[in-house]
Amino acid sequence: MLSTIAYGLAVVLSLFCVFIGARFLLAPRASAAGYGVPARPDGDSAYLTIKGLRDLSYGLLGLALTAFTTADAVAWFMLIVALNPLGDTLVVLRHGGTRTVAFGIHFATAVVILLDAALLFAL
């Protein structure tokens with residue numbers, strides 16, 4: 001049962017990253033607003049593309065690791081990937097985003113990822 005929850009959560013989190021990455025590539029301005037720091041109309045397109053590629057890549061890598069490696073490898077990956085939403089929390093706070101978005105979305109995501117890492121390490 002623990003294995004199903006740990007791996008299931010890893011798959012859901014990875015698919016969520018794929019979705020976010022694809023959304024940033026397809027609808028960058030709307031995605032930036034949802035991220036918590038709206039993009040300027042006259043710039044930022046390169047950064048939005050980078051964010052999309054980063055999230056898409058992490059999601060695909062997470063799916064590949066989940067499918068082809070051990071629980072420990074996926075756990076280490078999750079532990080490291082949790083740095084992204086933690087950093088995103090700081091970015092939102094430092095650039096005028098709301099505390100609600102910073103903590104309710106980004107920090108909460110980091111907590112869930114760290115929980116999944118702990119579950120995977122427990123297998």
# chains A, B, ... in the order shown; residues from 1 in each chain; ligands from 1
call {"tool": "residues_around", "arguments": {"residues": "Phe24 in chain A", "least_positions_apart": "4", "cutoff": "8 Å", "atoms": "only C-alpha atoms", "output": "list of chain:residue names"}}
result
A:Ile20, A:Pro28, A:Arg29, A:Ser31, A:Ala32, A:Leu48, A:Thr49, A:Lys51, A:Gly52
call {"tool": "write_last_selection", "arguments": {"atoms": "C-alpha atoms", "output": "mmCIF file, in the first residue's frame"}}
result
data_model
loop_
_atom_site.group_PDB
_atom_site.id
_atom_site.type_symbol
_atom_site.label_atom_id
_atom_site.label_comp_id
_atom_site.auth_asym_id
_atom_site.auth_seq_id
_atom_site.Cartn_x
_atom_site.Cartn_y
_atom_site.Cartn_z
ATOM 1 C CA ILE A 20 2.849 23.312 -15.971
ATOM 2 C CA PRO A 28 3.152 31.948 -21.135
ATOM 3 C CA ARG A 29 1.496 35.161 -19.946
ATOM 4 C CA SER A 31 0.884 30.905 -16.752
ATOM 5 C CA ALA A 32 3.057 33.670 -15.307
ATOM 6 C CA LEU A 48 8.830 32.224 -19.578
ATOM 7 C CA THR A 49 10.128 29.762 -22.160
ATOM 8 C CA LYS A 51 10.476 28.148 -17.014
ATOM 9 C CA GLY A 52 8.335 26.023 -19.331
#
call {"tool": "residues_around", "arguments": {"residues": "Gly59 in chain A", "least_positions_apart": "3", "cutoff": "6 Å", "atoms": "only C-alpha atoms", "output": "PyMOL selection string"}}
result
chain A and resi 14-15+17-18+56+62
call {"tool": "closest_residue", "arguments": {"among": "A:Ile105, A:Arg54, A:Arg40, A:Leu9", "to": "Leu90 in chain A", "atoms": "only C-alpha atoms"}}
result
A:Ile105
call {"tool": "residues_around", "arguments": {"residues": "range 81-85 of chain A", "least_positions_apart": "4", "cutoff": "9 Å", "atoms": "only C-alpha atoms", "output": "PyMOL selection string"}}
result
chain A and resi 58+76-77+89-90+105-114
call {"tool": "closest_residue", "arguments": {"among": "A:Met78, A:Val12, A:Val37, A:Ala122", "to": "Leu93 in chain A", "atoms": "only C-alpha atoms"}}
result
A:Val37
call {"tool": "select_by_dssp", "arguments": {"residues": "range 13-120 of chain A", "states": "helix (DSSP H, G or I)", "output": "PyMOL selection string"}}
result
chain A and resi 13-26+28-35+45-68+71-81+83-94+99-120
call {"tool": "atom_distance", "arguments": {"atom1": "CA of Ala39 in chain A", "atom2": "CA of Val92 in chain A"}}
result
12.0 Å
call {"tool": "atom_distance", "arguments": {"atom1": "CA of Leu25 in chain A", "atom2": "CA of Val91 in chain A"}}
result
19.6 Å
call {"tool": "residues_around", "arguments": {"residues": "Ile5 in chain A", "least_positions_apart": "5", "cutoff": "9 Å", "atoms": "only C-alpha atoms", "output": "list in words"}}
result
Ala10, Asp116 and Leu119 of chain A
